$ cat coords.cif   # mmCIF, C-alpha atoms
data_start
#
loop_
_atom_site.label_atom_id
_atom_site.label_comp_id
_atom_site.auth_asym_id
_atom_site.auth_seq_id
_atom_site.Cartn_x
_atom_site.Cartn_y
_atom_site.Cartn_z
CA MET A 1443 -10.29 -13.37 -11.59
CA TYR A 1444 -9.03 -13.71 -15.16
CA VAL A 1445 -6.71 -11.84 -17.53
CA VAL A 1446 -7.57 -10.60 -21.02
CA SER A 1447 -4.97 -9.11 -23.38
CA PRO A 1448 -6.76 -7.34 -26.26
CA LEU A 1449 -5.31 -8.01 -29.70
CA THR A 1450 -6.21 -4.51 -30.91
CA GLU A 1451 -6.17 -1.15 -29.14
CA LYS A 1452 -8.80 -0.90 -26.39
CA GLN A 1453 -10.21 2.22 -24.74
CA PRO A 1454 -10.31 2.32 -20.93
CA TYR A 1455 -13.59 1.20 -19.41
CA GLN A 1456 -16.00 3.98 -18.55
CA PHE A 1457 -19.65 3.64 -17.59
CA PRO A 1458 -21.78 2.38 -19.28
CA TYR A 1459 -19.03 0.46 -21.12
CA LEU A 1460 -17.97 -2.26 -18.69
CA PRO A 1461 -16.68 -5.87 -18.80
CA PRO A 1462 -16.59 -8.41 -20.21
CA TYR A 1463 -14.29 -7.47 -23.08
CA ALA A 1464 -15.72 -8.96 -26.27
CA GLY A 1465 -12.92 -8.27 -28.77
CA ALA A 1466 -10.15 -10.46 -30.15
CA LEU A 1467 -7.54 -11.57 -27.60
CA GLN A 1468 -3.87 -12.45 -27.60
CA ALA A 1469 -2.93 -15.97 -26.60
CA PRO A 1470 -3.10 -16.39 -22.81
CA ALA A 1471 -0.09 -17.04 -20.61
CA THR A 1472 0.34 -20.76 -20.07
CA ALA A 1473 2.07 -22.66 -17.29
CA GLY A 1474 5.08 -24.88 -17.72
CA PRO A 1475 5.05 -28.66 -17.08
CA ASP A 1476 5.29 -28.08 -13.32
CA GLY A 1477 2.26 -25.78 -13.27
CA HIS A 1478 4.28 -22.60 -12.71
CA PHE A 1479 4.62 -19.52 -14.91
CA ASP A 1480 8.31 -18.74 -14.24
CA THR A 1481 9.53 -19.89 -17.65
CA ILE A 1482 7.69 -17.15 -19.58
CA PRO A 1483 10.26 -14.81 -21.20
CA ILE A 1484 10.47 -11.31 -19.72
CA GLY A 1485 9.33 -8.62 -22.14
CA THR A 1486 6.47 -10.59 -23.62
CA PRO A 1487 2.73 -9.84 -23.27
CA GLU A 1488 2.38 -13.22 -21.56
CA PHE A 1489 4.88 -12.18 -18.90
CA GLU A 1490 2.95 -8.97 -18.20
CA ALA A 1491 -0.27 -10.97 -17.92
CA ALA A 1492 1.23 -13.47 -15.48
CA HIS A 1493 2.95 -10.72 -13.47
CA VAL A 1494 -0.11 -8.53 -12.94
CA TYR A 1495 -2.21 -11.57 -12.04
CA ALA A 1496 0.39 -12.70 -9.48
CA CYS A 1497 0.59 -9.22 -7.92
CA VAL A 1498 -3.20 -9.01 -7.55
CA ARG A 1499 -3.37 -12.51 -6.06
CA ARG A 1500 -0.56 -11.77 -3.61
CA VAL A 1501 -2.05 -8.53 -2.27
CA LEU A 1502 -5.47 -10.16 -1.91
CA ASP A 1503 -3.91 -13.10 -0.03
CA ILE A 1504 -2.14 -10.72 2.37
CA CYS A 1505 -5.27 -8.74 3.20
CA GLU A 1506 -7.39 -11.88 3.59
CA SER A 1507 -4.80 -13.32 5.98
CA TYR A 1508 -5.03 -10.17 8.13
CA LEU A 1509 -8.82 -10.14 8.07
CA GLY A 1510 -9.15 -13.87 8.68
CA ARG A 1511 -11.70 -14.49 5.97
CA GLU A 1512 -12.29 -14.30 2.25
CA ILE A 1513 -12.83 -10.82 0.84
CA PRO A 1514 -15.61 -10.72 -1.78
CA TRP A 1515 -15.67 -8.47 -4.82
CA PHE A 1516 -17.96 -5.51 -4.20
CA PHE A 1517 -19.43 -5.89 -7.72
CA GLU A 1518 -20.90 -9.32 -7.01
CA PRO A 1519 -23.37 -10.69 -8.07
CA THR A 1520 -23.16 -8.67 -11.32
CA TYR A 1521 -19.77 -10.23 -12.01
CA ASP A 1522 -18.40 -13.30 -10.27
CA ARG A 1523 -14.83 -12.60 -11.41
CA LEU A 1524 -12.51 -9.62 -11.79
CA GLU A 1525 -11.35 -8.87 -15.34
CA ILE A 1526 -7.68 -7.79 -15.48
CA VAL A 1527 -6.37 -5.98 -18.56
CA PRO A 1528 -2.54 -5.93 -18.30
CA ARG A 1529 -1.78 -3.14 -20.75
CA LEU A 1530 -3.49 -0.27 -22.51
CA ARG A 1531 -1.90 2.54 -24.50
CA TRP A 1532 -2.86 4.94 -21.73
CA ASP A 1533 -0.80 6.86 -19.17
CA ASN A 1534 -2.85 5.78 -16.17
CA ALA A 1535 -4.28 2.77 -14.34
CA GLN A 1536 -7.69 2.21 -12.84
CA SER A 1537 -9.87 -0.28 -11.00
CA GLY A 1538 -13.63 -0.22 -11.04
CA TYR A 1539 -16.83 -2.18 -11.34
CA GLY A 1540 -15.58 -5.59 -12.41
CA PHE A 1541 -12.22 -4.58 -13.84
CA LEU A 1542 -8.59 -3.64 -13.28
CA GLU A 1543 -6.76 -1.95 -16.15
CA MET A 1544 -3.08 -1.02 -16.31
CA GLY A 1545 -1.63 1.56 -18.68
CA GLU A 1546 1.97 2.57 -19.23
CA ASP A 1547 4.34 5.32 -18.17
CA LEU A 1548 5.70 7.36 -21.09
CA ALA A 1549 7.93 9.78 -19.16
CA ARG A 1550 11.20 8.12 -20.21
CA GLY A 1551 10.44 7.72 -23.89
CA GLU A 1552 10.26 3.92 -23.83
CA PRO A 1553 6.81 2.88 -22.54
CA GLN A 1554 7.04 1.30 -19.07
CA PRO A 1555 4.03 -0.94 -18.32
CA PHE A 1556 2.36 -0.33 -14.97
CA ALA A 1557 1.58 -4.06 -14.97
CA LEU A 1558 5.25 -4.61 -14.06
CA ASN A 1559 5.15 -2.03 -11.23
CA PHE A 1560 4.09 -3.77 -8.04
CA ASP A 1561 3.18 -0.50 -6.28
CA SER A 1562 0.82 0.51 -9.07
CA VAL A 1563 -0.94 -2.85 -9.20
CA ALA A 1564 -1.17 -3.11 -5.41
CA HIS A 1565 -2.59 0.41 -5.12
CA GLU A 1566 -5.35 -0.26 -7.67
CA ILE A 1567 -6.33 -3.62 -6.22
CA GLY A 1568 -6.23 -1.97 -2.79
CA HIS A 1569 -9.23 0.14 -3.77
CA LEU A 1570 -11.21 -2.99 -4.68
CA ILE A 1571 -10.19 -4.75 -1.46
CA ILE A 1572 -11.35 -1.80 0.66
CA PHE A 1573 -14.66 -1.82 -1.21
CA GLY A 1574 -14.95 -5.57 -0.64
CA VAL A 1575 -14.63 -5.25 3.15
CA MET A 1576 -16.23 -1.87 3.82
CA GLY A 1577 -18.68 -1.72 0.93
CA ALA A 1578 -19.05 1.02 -1.64
CA PRO A 1579 -20.96 4.23 -0.88
CA GLN A 1580 -24.42 4.51 -2.39
CA PHE A 1581 -24.49 8.28 -2.01
CA ASP A 1582 -21.84 11.02 -1.93
CA PRO A 1583 -19.57 10.34 1.08
CA PRO A 1584 -17.58 13.02 2.95
CA HIS A 1585 -14.67 14.37 0.92
CA GLU A 1586 -12.12 12.82 3.29
CA TYR A 1587 -13.44 9.39 2.26
CA PHE A 1588 -11.67 9.80 -1.10
CA GLY A 1589 -8.43 10.94 0.53
CA TYR A 1590 -8.66 7.93 2.84
CA HIS A 1591 -8.98 5.57 -0.12
CA GLU A 1592 -5.84 7.01 -1.71
CA ALA A 1593 -3.83 6.97 1.52
CA VAL A 1594 -4.78 3.42 2.46
CA SER A 1595 -4.33 2.02 -1.04
CA ASP A 1596 -0.82 3.51 -1.01
CA PHE A 1597 -0.16 1.89 2.35
CA ILE A 1598 -1.46 -1.49 1.18
CA ALA A 1599 1.20 -1.32 -1.53
CA LEU A 1600 3.84 -0.60 1.11
CA ILE A 1601 2.69 -3.49 3.32
CA GLY A 1602 2.63 -5.74 0.26
CA LEU A 1603 6.21 -4.82 -0.63
CA LEU A 1604 7.33 -5.84 2.86
CA HIS A 1605 6.11 -9.39 2.18
CA PHE A 1606 8.89 -9.94 -0.37
CA ASP A 1607 12.10 -11.21 1.23
CA THR A 1608 14.27 -9.79 -1.55
CA ALA A 1609 12.80 -6.30 -1.11
CA MET A 1610 13.09 -6.41 2.67
CA ASP A 1611 16.67 -7.68 2.57
CA LEU A 1612 17.71 -4.94 0.14
CA LEU A 1613 15.94 -2.30 2.20
CA LEU A 1614 17.54 -3.26 5.50
CA ARG A 1615 21.04 -3.71 4.08
CA ARG A 1616 20.98 -0.31 2.39
CA THR A 1617 19.62 1.52 5.44
CA ARG A 1618 21.21 -0.62 8.21
CA GLY A 1619 17.75 -0.64 9.75
CA ASN A 1620 17.17 3.15 9.75
CA LEU A 1621 13.92 3.38 7.79
CA LEU A 1622 13.56 7.13 8.07
CA ILE A 1623 16.35 7.80 5.60
CA ALA A 1624 15.46 7.88 1.90
CA ASN A 1625 14.79 4.30 0.76
CA GLU A 1626 12.55 2.11 -1.37
CA LEU A 1627 9.95 1.74 1.38
CA ASP A 1628 9.35 5.48 1.55
CA ARG A 1629 8.92 5.93 -2.20
CA PHE A 1630 5.48 4.86 -3.32
CA GLY A 1631 4.89 4.08 -6.99
CA GLU A 1632 8.58 4.32 -7.84
CA LEU A 1633 9.28 4.26 -11.58
CA SER A 1634 13.00 5.00 -11.45
CA ASP A 1635 15.58 6.25 -8.96
CA GLU A 1636 14.61 9.83 -9.79
CA LYS A 1637 10.83 9.64 -10.06
CA GLN A 1638 8.12 8.44 -7.70
CA VAL A 1639 4.46 9.22 -7.20
CA ARG A 1640 4.41 10.14 -3.49
CA LEU A 1641 6.61 10.07 -0.40
CA PHE A 1642 5.42 8.51 2.87
CA SER A 1643 7.99 10.05 5.19
CA HIS A 1644 7.08 13.71 5.62
CA SER A 1645 5.81 16.11 8.27
CA LEU A 1646 2.60 17.32 6.59
CA ARG A 1647 -0.39 17.93 8.85
CA MET A 1648 -4.01 18.51 7.95
CA SER A 1649 -3.43 22.28 8.06
CA ASP A 1650 -0.67 21.94 5.42
CA VAL A 1651 -2.63 20.27 2.60
CA SER A 1652 -5.34 21.23 0.14
CA ALA A 1653 -8.66 19.56 -0.64
CA GLU A 1654 -7.23 17.91 -3.76
CA VAL A 1655 -7.64 14.20 -3.09
CA HIS A 1656 -4.02 13.07 -3.46
CA ASP A 1657 -2.74 16.03 -1.45
CA LEU A 1658 -5.41 15.43 1.18
CA SER A 1659 -4.29 11.79 1.47
CA LYS A 1660 -0.77 12.71 2.63
CA PRO A 1661 -1.36 13.34 6.38
CA PHE A 1662 -3.25 10.05 6.84
CA ALA A 1663 -0.69 8.09 4.83
CA GLY A 1664 2.12 9.80 6.76
CA ALA A 1665 0.50 8.86 10.06
CA LEU A 1666 0.29 5.20 9.00
CA PHE A 1667 3.95 5.24 8.00
CA ASP A 1668 4.95 6.85 11.30
CA ILE A 1669 2.95 4.27 13.28
CA LEU A 1670 4.73 1.47 11.41
CA ILE A 1671 8.18 2.98 11.98
CA GLU A 1672 7.48 3.77 15.64
CA ILE A 1673 6.34 0.23 16.43
CA TYR A 1674 9.40 -1.09 14.59
CA GLN A 1675 11.60 1.24 16.65
CA VAL A 1676 9.94 0.14 19.90
CA LEU A 1677 10.63 -3.50 19.03
CA LEU A 1678 14.27 -2.69 18.26
CA PHE A 1679 14.68 -0.90 21.58
CA GLU A 1680 13.04 -3.72 23.52
CA ARG A 1681 15.31 -6.26 21.82
CA GLU A 1682 18.42 -4.13 22.50
CA LEU A 1683 18.98 -3.56 18.80
CA SER A 1684 18.76 0.22 19.25
CA ASP A 1685 19.62 2.52 22.12
CA LEU A 1686 17.12 5.18 21.04
CA ASP A 1687 14.34 5.21 23.63
CA PRO A 1688 11.05 5.02 21.67
CA ARG A 1689 9.36 7.18 24.29
CA GLU A 1690 11.49 10.06 22.99
CA PHE A 1691 10.86 9.21 19.35
CA ARG A 1692 7.92 11.57 18.79
CA ASP A 1693 9.78 14.48 20.38
CA LEU A 1694 12.75 13.80 18.14
CA ARG A 1695 10.55 13.64 15.06
CA SER A 1696 8.98 17.02 15.78
CA GLU A 1697 12.05 18.86 17.13
CA LEU A 1698 14.99 17.70 15.00
CA SER A 1699 15.68 18.43 11.35
CA GLU A 1700 15.55 15.51 8.94
CA ASP A 1701 19.37 15.39 8.75
CA ASP A 1702 19.79 15.45 12.54
CA LEU A 1703 17.15 12.76 12.97
CA GLU A 1704 18.85 10.54 10.42
CA GLN A 1705 22.14 10.91 12.27
CA GLN A 1706 20.52 10.09 15.64
CA LEU A 1707 18.86 6.96 14.27
CA SER A 1708 21.89 5.82 12.30
CA ALA A 1709 24.07 6.20 15.38
CA SER A 1710 21.60 4.21 17.48
CA LEU A 1711 21.76 1.35 14.95
CA SER A 1712 25.49 1.50 14.23
CA GLY A 1713 26.26 -1.86 15.84
CA ASN A 1714 23.78 -3.89 13.80
CA GLU A 1715 25.78 -4.69 10.66
CA GLY A 1716 25.82 -8.39 11.57
CA ARG A 1717 22.26 -8.58 12.96
CA HIS A 1718 20.31 -8.44 9.72
CA PHE A 1719 17.82 -11.17 10.59
CA ALA A 1720 17.07 -9.66 14.00
CA LEU A 1721 16.20 -6.33 12.32
CA LYS A 1722 14.14 -8.18 9.75
CA SER A 1723 12.17 -10.03 12.42
CA ALA A 1724 11.28 -6.74 14.11
CA LEU A 1725 10.17 -5.18 10.82
CA GLU A 1726 8.07 -8.22 9.93
CA GLU A 1727 6.32 -8.06 13.30
CA ALA A 1728 5.67 -4.31 12.98
CA ARG A 1729 4.37 -4.86 9.43
CA ASP A 1730 1.88 -7.49 10.55
CA LEU A 1731 0.69 -5.59 13.62
CA VAL A 1732 -0.07 -2.45 11.64
CA GLY A 1733 -1.40 -4.29 8.58
CA GLU A 1734 -3.76 -6.40 10.63
CA THR A 1735 -4.99 -3.40 12.63
CA LEU A 1736 -5.64 -1.36 9.50
CA VAL A 1737 -7.47 -4.10 7.60
CA ARG A 1738 -9.65 -5.03 10.58
CA SER A 1739 -10.52 -1.37 11.17
CA TRP A 1740 -12.49 -1.39 7.90
CA GLU A 1741 -15.18 -3.50 9.51
CA GLU A 1742 -15.86 -0.60 11.91
CA LEU A 1743 -16.39 1.94 9.11
CA ASP A 1744 -19.33 3.02 6.99
CA PRO A 1745 -18.39 4.51 3.60
CA GLU A 1746 -21.39 6.85 3.69
CA THR A 1747 -20.08 8.74 6.72
CA LEU A 1748 -16.33 7.97 6.85
CA ASP A 1749 -14.01 10.82 7.72
CA TYR A 1750 -10.42 10.83 8.95
CA ARG A 1751 -11.28 11.10 12.62
CA TRP A 1752 -13.60 8.11 12.49
CA ALA A 1753 -11.05 6.14 10.48
CA ALA A 1754 -8.37 6.84 13.10
CA GLU A 1755 -10.74 5.90 15.92
CA ALA A 1756 -11.58 2.64 14.10
CA MET A 1757 -7.88 1.78 14.06
CA ILE A 1758 -7.71 2.43 17.79
CA VAL A 1759 -10.64 0.07 18.36
CA ALA A 1760 -9.09 -2.60 16.12
CA ALA A 1761 -5.77 -2.27 17.97
CA GLU A 1762 -7.43 -2.60 21.38
CA GLU A 1763 -9.30 -5.71 20.25
CA GLY A 1764 -6.32 -7.29 18.48
CA ARG A 1765 -2.62 -7.98 18.91
CA CYS A 1766 -1.64 -4.31 18.69
CA GLY A 1767 -3.21 -3.28 22.00
CA ARG A 1768 -0.01 -2.17 23.70
CA PHE A 1769 0.69 0.25 20.86
CA VAL A 1770 -2.62 2.13 21.07
CA GLY A 1771 -0.79 5.14 22.52
CA SER A 1772 1.45 5.30 19.46
CA ILE A 1773 -1.55 5.22 17.14
CA ILE A 1774 -3.33 7.98 19.05
CA ASP A 1775 -0.27 10.21 19.29
CA ASN A 1776 0.65 9.93 15.62
CA PHE A 1777 -2.85 10.72 14.40
CA ALA A 1778 -3.08 13.58 16.88
CA TRP A 1779 0.26 15.03 15.73
CA ARG A 1780 -1.04 15.06 12.15
CA GLY A 1781 -4.16 16.99 13.20
CA ILE A 1782 -6.47 14.03 12.52
CA LEU A 1783 -7.49 13.44 16.16
#

$ encode --input "coords.cif" --output "structure tokens"
Amino acid sequence: MYVVSPLTEKQPYQFPYLPPYAGALQAPATAGPDGHFDTIPIGTPEFEAAHVYACVRRVLDICESYLGREIPWFFEPTYDRLEIVPRLRWDNAQSGYGFLEMGEDLARGEPQPFALNFDSVAHEIGHLIIFGVMGAPQFDPPHEYFGYHEAVSDFIALIGLLHFDTAMDLLLRRTRGNLLIANELDRFGELSDEKQVRLFSHSLRMSDVSAEVHDLSKPFAGALFDILIEIYQVLLFERELSDLDPREFRDLRSELSEDDLEQQLSASLSGNEGRHFALKSALEEARDLVGETLVRSWEELDPETLDYRWAAEAMIVAAEEGRCGRFVGSIIDNFAWRGIL
């Protein structure tokens, strides 16, 4: 992949106008004497270029490590590299055939580049990674296919965030290990403390959402989040870091109010102020079990016929064949509770 920063205003790519960009370019970001890019001043176009490139590379590395092989670009052999455009004067971001383009958020007056928002970059590259493993549909797929893409790209961003020690440390210290209370992990695409694109922790089922793609994505994304949290909670219970029996977890989630559930979980974790690294180890293991199961499930799916039920069943198969086998029941129950199975 490579980064291009147009010198003049560029319109977003739209078929038949596709890469490579042929206009004048700003000077590229350059490495310091040690080969690293950490001396580039924040607030410069070069910093945005280096940042978006690093985010893309990191998310791709994570997914390839879970899959156990290199993930090709779905647009090969037309293009052998992905073109990344760090910033357009546009209030959106998109990935497509040979490109990734990041716009800017204008909601707060001062433009905020999406290239500096890890969630936004990870979500967009998530679409390309799914295409690279599963393939792209040649004909119109079922409508749930598009909801699946949105849900899973969101979750890839969440899994990616959990690979940063600073983010995980902040998350666990603020929540004391109770990840069902409002926190950074739950807020996807966060732009400030008051604004975020979507929430993961919710109780929406298939009967509660519309056919609009982002709304439709919520039950599947919520199920993935619940699976992650439930496996994390099981690990805490097994390691005597929580006295909340995970076998009662699903009943608690469906029967208690959000406030009551937060109190139950917080009370069960009240003695863990000095056990930060034990909590972190459990969360890292849950992250990798769910991430690996999800990524490997893509090899079981056909984009031409993918629907939510098949996608859930593919995760069950991937869990049974991988390291997540003892948590198959959790996967089944959470998808069933959402009305997907």

$ closest_atom_pairs --input "coords.cif" --of "stretch 1514-1630 of chain A" --to "stretch 1673-1684 of chain A" --cutoff "12 Å" --atoms "all atoms listed in the file" --output "tab-separated table"
residue	atom	partner	partner_atom	distance
A:Arg1618	CA	A:Leu1683	CA	11.2
A:Gly1619	CA	A:Leu1678	CA	9.4
A:Asn1620	CA	A:Gln1675	CA	9.1
A:Leu1621	CA	A:Tyr1674	CA	9.3
A:Leu1622	CA	A:Gln1675	CA	10.6

$ residues_around --input "coords.cif" --residues "A:Val1651" --least-positions-apart "6" --cutoff "12 Å" --atoms "all atoms listed in the file" --output "mmCIF file with C-alpha atoms, keeping the file's coordinate frame"
data_model
loop_
_atom_site.group_PDB
_atom_site.id
_atom_site.type_symbol
_atom_site.label_atom_id
_atom_site.label_comp_id
_atom_site.auth_asym_id
_atom_site.auth_seq_id
_atom_site.Cartn_x
_atom_site.Cartn_y
_atom_site.Cartn_z
ATOM 1 C CA GLY A 1589 -8.430 10.940 0.530
ATOM 2 C CA SER A 1645 5.810 16.110 8.270
ATOM 3 C CA ASP A 1657 -2.740 16.030 -1.450
ATOM 4 C CA LEU A 1658 -5.410 15.430 1.180
ATOM 5 C CA SER A 1659 -4.290 11.790 1.470
ATOM 6 C CA LYS A 1660 -0.770 12.710 2.630
ATOM 7 C CA PRO A 1661 -1.360 13.340 6.380
ATOM 8 C CA PHE A 1662 -3.250 10.050 6.840
ATOM 9 C CA ARG A 1780 -1.040 15.060 12.150
ATOM 10 C CA GLY A 1781 -4.160 16.990 13.200
#

$ residues_around --input "coords.cif" --residues "stretch 1594-1598 of chain A" --least-positions-apart "5" --cutoff "8 Å" --atoms "all atoms listed in the file" --output "list in words"
Val1501, Asp1561, Ala1564, His1565, Glu1566, Ile1567, Gly1568, His1569, Phe1630, Ala1663, Leu1666, Phe1667 and Gly1733 of chain A

$ write_last_selection --input "coords.cif" --atoms "C-alpha atoms" --output "short mmCIF file (atom, residue, chain, number, x, y, z; two decimals), keeping the file's coordinate frame"
data_model
loop_
_atom_site.label_atom_id
_atom_site.label_comp_id
_atom_site.auth_asym_id
_atom_site.auth_seq_id
_atom_site.Cartn_x
_atom_site.Cartn_y
_atom_site.Cartn_z
CA VAL A 1501 -2.05 -8.53 -2.27
CA ASP A 1561 3.18 -0.50 -6.28
CA ALA A 1564 -1.17 -3.11 -5.41
CA HIS A 1565 -2.59 0.41 -5.12
CA GLU A 1566 -5.35 -0.26 -7.67
CA ILE A 1567 -6.33 -3.62 -6.22
CA GLY A 1568 -6.23 -1.97 -2.79
CA HIS A 1569 -9.23 0.14 -3.77
CA PHE A 1630 5.48 4.86 -3.32
CA ALA A 1663 -0.69 8.09 4.83
CA LEU A 1666 0.29 5.20 9.00
CA PHE A 1667 3.95 5.24 8.00
CA GLY A 1733 -1.40 -4.29 8.58
#

$ atom_distance --input "coords.cif" --atom1 "atom CA of A:Leu1670" --atom2 "atom CA of A:Glu1741"
20.6 Å

$ closest_residue --input "coords.cif" --among "A:Asp1480, A:Asp1687, A:Asp1744, A:Glu1734" --to "A:Met1757" --atoms "only C-alpha atoms"
A:Glu1734

$ resolve_selection --input "coords.cif" --expression "the PyMOL selection byres ((chain A and resi 1558) around 12)" --output "JSON, numbers by chain"
{"A": [1484, 1485, 1486, 1487, 1488, 1489, 1490, 1491, 1492, 1493, 1494, 1495, 1496, 1497, 1498, 1528, 1529, 1544, 1545, 1546, 1547, 1553, 1554, 1555, 1556, 1557, 1559, 1560, 1561, 1562, 1563, 1564, 1631, 1632, 1633]}

$ write_last_selection --input "coords.cif" --atoms "C-alpha atoms" --output "tab-separated table (two decimals), keeping the file's coordinate frame"
chain	number	residue	atom	x	y	z
A	1484	ILE	CA	10.47	-11.31	-19.72
A	1485	GLY	CA	9.33	-8.62	-22.14
A	1486	THR	CA	6.47	-10.59	-23.62
A	1487	PRO	CA	2.73	-9.84	-23.27
A	1488	GLU	CA	2.38	-13.22	-21.56
A	1489	PHE	CA	4.88	-12.18	-18.90
A	1490	GLU	CA	2.95	-8.97	-18.20
A	1491	ALA	CA	-0.27	-10.97	-17.92
A	1492	ALA	CA	1.23	-13.47	-15.48
A	1493	HIS	CA	2.95	-10.72	-13.47
A	1494	VAL	CA	-0.11	-8.53	-12.94
A	1495	TYR	CA	-2.21	-11.57	-12.04
A	1496	ALA	CA	0.39	-12.70	-9.48
A	1497	CYS	CA	0.59	-9.22	-7.92
A	1498	VAL	CA	-3.20	-9.01	-7.55
A	1528	PRO	CA	-2.54	-5.93	-18.30
A	1529	ARG	CA	-1.78	-3.14	-20.75
A	1544	MET	CA	-3.08	-1.02	-16.31
A	1545	GLY	CA	-1.63	1.56	-18.68
A	1546	GLU	CA	1.97	2.57	-19.23
A	1547	ASP	CA	4.34	5.32	-18.17
A	1553	PRO	CA	6.81	2.88	-22.54
A	1554	GLN	CA	7.04	1.30	-19.07
A	1555	PRO	CA	4.03	-0.94	-18.32
A	1556	PHE	CA	2.36	-0.33	-14.97
A	1557	ALA	CA	1.58	-4.06	-14.97
A	1559	ASN	CA	5.15	-2.03	-11.23
A	1560	PHE	CA	4.09	-3.77	-8.04
A	1561	ASP	CA	3.18	-0.50	-6.28
A	1562	SER	CA	0.82	0.51	-9.07
A	1563	VAL	CA	-0.94	-2.85	-9.20
A	1564	ALA	CA	-1.17	-3.11	-5.41
A	1631	GLY	CA	4.89	4.08	-6.99
A	1632	GLU	CA	8.58	4.32	-7.84
A	1633	LEU	CA	9.28	4.26	-11.58
